[in-house]
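J.: You'll find model_4.txt just under this line, and it carries compact mmCIF, C-alpha atoms.
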# COMPACT_ATOMS: atom_id res chain seq x y z
CA MET A 1 -40.70 156.44 115.84
CA ILE A 2 -40.10 152.95 117.20
CA VAL A 3 -38.53 150.22 115.07
CA ALA A 4 -38.88 146.62 116.24
CA ALA A 5 -35.75 144.46 116.28
CA PRO A 6 -35.01 141.07 117.88
CA ASP A 7 -35.28 141.42 121.68
CA THR A 8 -35.67 145.21 121.55
CA GLN A 9 -37.46 148.27 120.22
CA LEU A 10 -35.19 150.94 118.78
CA HIS A 11 -35.95 154.61 119.45
CA VAL A 12 -35.47 156.44 116.12
CA ARG A 13 -35.61 160.11 115.12
CA GLU A 14 -34.99 162.03 111.92
CA ALA A 15 -34.66 165.59 110.60
CA GLY A 16 -34.13 167.30 107.27
CA THR A 17 -34.79 166.21 103.71
CA GLY A 18 -32.75 164.91 100.81
CA ARG A 19 -30.36 162.01 100.47
CA PRO A 20 -30.38 159.77 103.57
CA LEU A 21 -27.59 159.97 106.15
CA VAL A 22 -27.68 157.56 109.10
CA LEU A 23 -25.80 158.38 112.32
CA VAL A 24 -24.75 155.62 114.74
CA HIS A 25 -23.55 156.74 118.17
CA GLY A 26 -20.84 155.38 120.44
CA GLY A 27 -20.81 153.22 123.54
CA THR A 28 -22.56 154.55 126.69
CA GLY A 29 -23.84 157.55 124.71
CA THR A 30 -27.15 158.09 122.92
CA GLY A 31 -28.06 159.26 119.45
CA SER A 32 -28.96 162.76 120.52
CA PHE A 33 -26.06 163.12 122.99
CA ASP A 34 -23.31 162.07 120.59
CA TRP A 35 -24.71 163.80 117.50
CA GLY A 36 -26.52 166.84 118.91
CA PRO A 37 -24.03 169.45 117.60
CA LEU A 38 -23.95 167.86 114.12
CA ILE A 39 -27.64 167.14 113.49
CA PRO A 40 -28.82 170.69 112.61
CA ARG A 41 -25.76 171.25 110.41
CA LEU A 42 -26.22 167.99 108.52
CA ALA A 43 -30.01 168.36 108.29
CA GLU A 44 -29.44 171.37 106.03
CA HIS A 45 -28.13 168.92 103.41
CA PHE A 46 -29.55 165.47 104.16
CA ARG A 47 -32.39 163.44 105.56
CA VAL A 48 -30.66 162.67 108.85
CA VAL A 49 -31.64 159.57 110.81
CA TRP A 50 -30.33 158.74 114.28
CA PHE A 51 -31.35 156.28 116.97
CA ASP A 52 -30.45 154.87 120.36
CA LEU A 53 -28.49 151.63 120.14
CA ARG A 54 -29.91 148.70 122.09
CA GLY A 55 -29.08 149.05 125.77
CA HIS A 56 -28.73 152.82 125.44
CA GLY A 57 -31.13 155.70 125.96
CA HIS A 58 -34.68 154.58 125.21
CA SER A 59 -33.77 151.27 123.49
CA PRO A 60 -33.78 148.28 125.86
CA ALA A 61 -31.42 145.31 125.71
CA PRO A 62 -32.59 142.43 127.96
CA GLY A 63 -29.56 140.71 129.44
CA LEU A 64 -27.32 143.30 127.75
CA ARG A 65 -27.00 141.11 124.68
CA LEU A 66 -25.33 143.70 122.52
CA GLY A 67 -22.18 144.45 120.55
CA ILE A 68 -20.95 145.66 117.20
CA VAL A 69 -22.50 142.82 115.19
CA ARG A 70 -25.97 143.37 116.69
CA PHE A 71 -25.60 147.15 116.39
CA GLY A 72 -24.80 146.78 112.69
CA LEU A 73 -27.81 144.54 112.10
CA ASP A 74 -30.01 146.97 114.03
CA THR A 75 -28.83 149.81 111.79
CA HIS A 76 -29.82 147.82 108.73
CA ARG A 77 -33.22 147.10 110.29
CA VAL A 78 -33.79 150.81 110.93
CA MET A 79 -32.95 151.58 107.31
CA GLN A 80 -35.34 148.92 106.05
CA ALA A 81 -38.14 150.18 108.32
CA LEU A 82 -37.69 153.72 106.98
CA GLY A 83 -37.54 152.59 103.34
CA ILE A 84 -33.85 153.45 102.93
CA PRO A 85 -32.02 150.91 100.73
CA ARG A 86 -28.73 152.87 100.71
CA ALA A 87 -27.40 155.74 102.77
CA LEU A 88 -24.34 157.68 103.73
CA LEU A 89 -23.42 155.93 106.99
CA VAL A 90 -21.60 157.82 109.74
CA GLY A 91 -20.57 156.11 112.97
CA PHE A 92 -18.70 157.14 116.09
CA SER A 93 -16.47 154.81 118.16
CA ALA A 94 -18.45 151.60 118.78
CA GLY A 95 -20.92 152.88 116.20
CA ALA A 96 -18.10 153.25 113.69
CA ASN A 97 -16.97 149.69 114.31
CA SER A 98 -20.59 148.51 113.98
CA LEU A 99 -20.83 150.11 110.55
CA LEU A 100 -17.59 148.42 109.51
CA THR A 101 -19.15 145.04 110.37
CA LEU A 102 -22.35 145.96 108.53
CA THR A 103 -20.68 147.17 105.33
CA ILE A 104 -18.33 144.18 105.25
CA ARG A 105 -21.38 141.90 105.31
CA HIS A 106 -23.74 144.06 103.23
CA PRO A 107 -21.67 146.45 101.07
CA ARG A 108 -24.64 147.69 99.07
CA VAL A 109 -26.32 149.43 102.02
CA ALA A 110 -23.60 152.11 102.09
CA ALA A 111 -23.37 154.82 99.46
CA GLY A 112 -20.46 156.09 101.54
CA LEU A 113 -18.99 155.34 104.96
CA VAL A 114 -17.51 157.73 107.53
CA THR A 115 -15.97 156.49 110.77
CA ILE A 116 -15.13 158.81 113.66
CA GLY A 117 -12.80 157.26 116.22
CA GLY A 118 -13.13 153.83 114.64
CA SER A 119 -10.60 151.02 114.87
CA MET A 120 -9.31 148.18 112.72
CA THR A 121 -8.03 146.06 115.60
CA SER A 122 -8.73 145.65 119.29
CA ASP A 123 -6.28 145.10 122.16
CA PRO A 124 -7.65 142.61 124.71
CA ALA A 125 -4.85 143.59 127.09
CA ARG A 126 -6.48 147.01 127.47
CA VAL A 127 -9.85 145.74 128.75
CA LYS A 128 -8.79 145.85 132.40
CA GLU A 129 -7.49 149.39 131.92
CA ILE A 130 -10.75 150.46 130.26
CA LEU A 131 -12.90 149.01 133.03
CA SER A 132 -10.87 150.48 135.89
CA GLY A 133 -10.10 153.85 134.32
CA PRO A 134 -12.06 157.12 134.49
CA TRP A 135 -15.13 157.74 132.36
CA PRO A 136 -16.34 161.15 131.15
CA GLU A 137 -18.68 162.79 133.64
CA ASP A 138 -21.22 163.79 130.99
CA LEU A 139 -21.47 160.17 129.81
CA ARG A 140 -21.94 158.95 133.38
CA ALA A 141 -24.76 161.46 133.82
CA ILE A 142 -26.86 160.22 130.87
CA ASP A 143 -30.25 158.85 131.92
CA HIS A 144 -30.55 155.56 130.06
CA VAL A 145 -34.31 155.19 130.44
CA ALA A 146 -34.19 151.61 129.18
CA GLY A 147 -31.29 150.75 131.50
CA GLY A 148 -30.85 149.59 135.06
CA GLY A 149 -30.39 152.81 137.03
CA PRO A 150 -27.67 155.43 137.48
CA ASP A 151 -24.81 152.91 137.24
CA HIS A 152 -26.08 151.43 133.97
CA TRP A 153 -23.11 152.99 132.17
CA ARG A 154 -20.79 150.64 134.07
CA ALA A 155 -22.61 147.56 132.78
CA LEU A 156 -22.59 149.00 129.27
CA ARG A 157 -18.88 149.77 129.46
CA ARG A 158 -18.07 146.22 130.56
CA ALA A 159 -20.22 144.56 127.90
CA LEU A 160 -18.85 146.79 125.15
CA ALA A 161 -15.21 146.45 126.21
CA GLU A 162 -15.49 142.68 126.20
CA ASP A 163 -17.25 142.70 122.82
CA TRP A 164 -14.58 145.06 121.41
CA ALA A 165 -11.82 142.71 122.54
CA ALA A 166 -13.53 139.66 121.06
CA ASN A 167 -15.05 140.97 117.84
CA ASN A 168 -13.35 144.17 116.73
CA VAL A 169 -10.70 142.57 114.54
CA PHE A 170 -10.91 143.35 110.83
CA SER A 171 -8.45 141.72 108.45
CA ARG A 172 -7.29 143.35 105.22
CA GLU A 173 -9.38 140.84 103.32
CA MET A 174 -12.49 141.80 105.30
CA LEU A 175 -11.96 145.52 104.79
CA ALA A 176 -11.44 144.98 101.06
CA ARG A 177 -15.14 144.05 100.85
CA ILE A 178 -16.11 147.65 101.60
CA THR A 179 -16.58 149.01 98.11
CA CYS A 180 -18.04 152.47 98.78
CA PRO A 181 -16.02 155.67 99.30
CA PHE A 182 -14.62 155.78 102.82
CA LEU A 183 -13.45 158.54 105.16
CA ALA A 184 -11.78 157.93 108.53
CA ILE A 185 -12.06 160.94 110.87
CA HIS A 186 -9.96 160.91 114.02
CA GLY A 187 -8.76 163.27 116.69
CA GLU A 188 -5.02 163.87 116.75
CA ARG A 189 -5.13 163.73 120.56
CA ASP A 190 -7.36 160.68 120.87
CA ARG A 191 -6.09 158.54 123.74
CA ILE A 192 -9.03 156.11 123.74
CA VAL A 193 -8.55 154.89 120.17
CA PHE A 194 -5.12 155.93 118.94
CA PRO A 195 -4.88 157.81 115.60
CA GLU A 196 -2.85 154.98 114.09
CA GLN A 197 -6.14 153.09 113.78
CA ALA A 198 -7.46 155.70 111.35
CA GLU A 199 -4.31 155.34 109.30
CA LEU A 200 -4.78 151.57 109.15
CA LEU A 201 -8.42 151.86 108.13
CA SER A 202 -7.81 154.47 105.44
CA ARG A 203 -4.99 152.38 104.04
CA HIS A 204 -6.81 149.06 103.88
CA VAL A 205 -10.35 150.10 102.92
CA PRO A 206 -10.47 150.67 99.16
CA ASN A 207 -11.30 154.26 98.18
CA GLY A 208 -10.17 155.28 101.67
CA SER A 209 -9.17 158.72 102.91
CA MET A 210 -8.48 160.28 106.32
CA TRP A 211 -8.83 163.55 108.21
CA LEU A 212 -7.03 164.04 111.53
CA ALA A 213 -8.71 166.80 113.54
CA PRO A 214 -6.07 168.97 115.23
CA ASP A 215 -6.33 169.44 119.01
CA ALA A 216 -9.31 167.03 119.18
CA GLY A 217 -9.62 163.91 121.32
CA HIS A 218 -12.02 161.01 120.86
CA LEU A 219 -15.21 163.06 120.48
CA VAL A 220 -14.24 164.92 117.31
CA GLN A 221 -17.84 165.75 116.41
CA LYS A 222 -18.27 167.59 119.72
CA ALA A 223 -14.86 169.26 119.74
CA ALA A 224 -15.12 170.52 116.15
CA PRO A 225 -18.74 170.18 114.99
CA ALA A 226 -18.64 172.79 112.23
CA GLU A 227 -15.50 171.40 110.61
CA THR A 228 -16.67 167.81 111.03
CA ALA A 229 -19.98 168.59 109.34
CA LYS A 230 -18.13 170.41 106.56
CA ARG A 231 -15.87 167.41 105.95
CA ILE A 232 -18.86 165.06 105.81
CA VAL A 233 -20.74 167.30 103.37
CA GLU A 234 -17.67 167.61 101.13
CA PHE A 235 -17.15 163.84 101.27
CA ALA A 236 -20.80 163.29 100.29
CA GLY A 237 -20.17 165.37 97.18
CA ARG A 238 -17.82 162.65 95.94
CA ILE A 239 -20.36 159.86 96.36
CA SER A 240 -22.18 158.22 93.46
CA TRP A 241 -25.66 157.69 94.95
Let me see the structure of the file written as structure tokens.
T.:
Amino acid sequence: MIVAAPDTQLHVREAGTGRPLVLVHGGTGTGSFDWGPLIPRLAEHFRVVWFDLRGHGHSPAPGLRLGIVRFGLDTHRVMQALGIPRALLVGFSAGANSLLTLTIRHPRVAAGLVTIGGSMTSDPARVKEILSGPWPEDLRAIDHVAGGGPDHWRALRRALAEDWAANNVFSREMLARITCPFLAIHGERDRIVFPEQAELLSRHVPNGSMWLAPDAGHLVQKAAPAETAKRIVEFAGRISW
């Protein structure tokens, strides 16, 4: 289905039945690309909703006006359009940081929150390194139908890196507003967002916990989909819906 949001139309899909679980993908990915290995596993237990963030996949973003604040608001809009007042929210990378912004502002929308490769703080000094460094081949190959051609990933990377540097800074006081159960998942070998960020998040979000996936990098859900799904299902069992 299509959900209207300011300046865009969000491409939304869902599978399964039961309690709602909303997946938010990472930067330069798409909903189906980032979550493909997890969706059938999670759909055995939940009503799983996923969508393309603005500027990604089939969801346009005129002028590339995007970032973690807009992504969080778009997630809330998708939930409202689908009649979901509260859900288990699961986000990867930029999607994880977007859900942190959303649940800080609107704690009641989250029955539980899981971040994969999320971060408490940014490092503006790393932006140049991010923009000049390599990018995974499979991410470069994604056809962003709503984008500007085969190099659209470069424009996305720049916009997201600059937004990360400017807006991805969460104080202890901000994180204390997240009142739902929280799980930080992170790859032990993540060199994009270092594992110390998961430790910070799990320490400063109330009701926080952490799982470090051995031998996994940034894309934990692709490196270890079965174990990641298992951890999410077990975490959901501790949630008061």
J.: For range 106-186 of chain A against range 235-238 of chain A, with a cut-off of 10 Å and counting only C-alpha atoms, what is the closest atom pair and its distance in Å to one decimal for every residue that makes the cut, ordered by chain and number, as CSV?
T.:
residue,atom,partner,partner_atom,distance
A:Ala111,CA,A:Ala236,CA,8.9
A:Gly112,CA,A:Ala236,CA,7.3
A:Leu113,CA,A:Ala236,CA,9.4
A:Val114,CA,A:Phe235,CA,8.8
A:Pro181,CA,A:Arg238,CA,8.0
A:Phe182,CA,A:Phe235,CA,8.6
A:Leu183,CA,A:Phe235,CA,7.5
J.: So that I can see what lies close to His204 in chain A, please list as a PyMOL selection string the residues with an atom at most 7 Å from it, counting all atoms listed in the file and leaving out residues fewer than 5 positions away in the same chain.
T.: chain A and resi 172+175-176
J.: Restricting it to C-alpha atoms, dump the selection as a PDB file, in the coordinates of the input.
T.:
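The new file part-v3.pdb reads:
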ATOM      1  CA  ARG A 172      -7.290 143.350 105.220  1.00  0.00           C
ATOM      2  CA  LEU A 175     -11.960 145.520 104.790  1.00  0.00           C
ATOM      3  CA  ALA A 176     -11.440 144.980 101.060  1.00  0.00           C
TER       4      ALA A 176
END
J.: List as a ChimeraX atom specification the protein and nucleic acid residues near Leu64 in chain A, meaning an atom at most 10 Å away when all atoms listed in the file are counted, but skip any in the same chain fewer than 3 places from it.
T.: /A:54-56,60-61,67,147,155-156,159-160
J.: I'd like a table as a tab-separated table: residues in range 43-93 of chain A with an atom no more than 12 Å from range 216-228 of chain A, each row giving the shortest atom pair and its distance in Å to one decimal, all atoms listed in the file counted, sorted by chain and rising residue number.
T.:
residue	atom	partner	partner_atom	distance
A:Val90	CA	A:Gln221	CA	11.0
A:Gly91	CA	A:Gln221	CA	10.6
A:Phe92	CA	A:Leu219	CA	8.2
A:Ser93	CA	A:His218	CA	8.1
J.: So how far away is CA of Met1 in chain A from CA of Thr75 in chain A, in Å?
T.: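 These atoms are spaced 14.2 Å apart.
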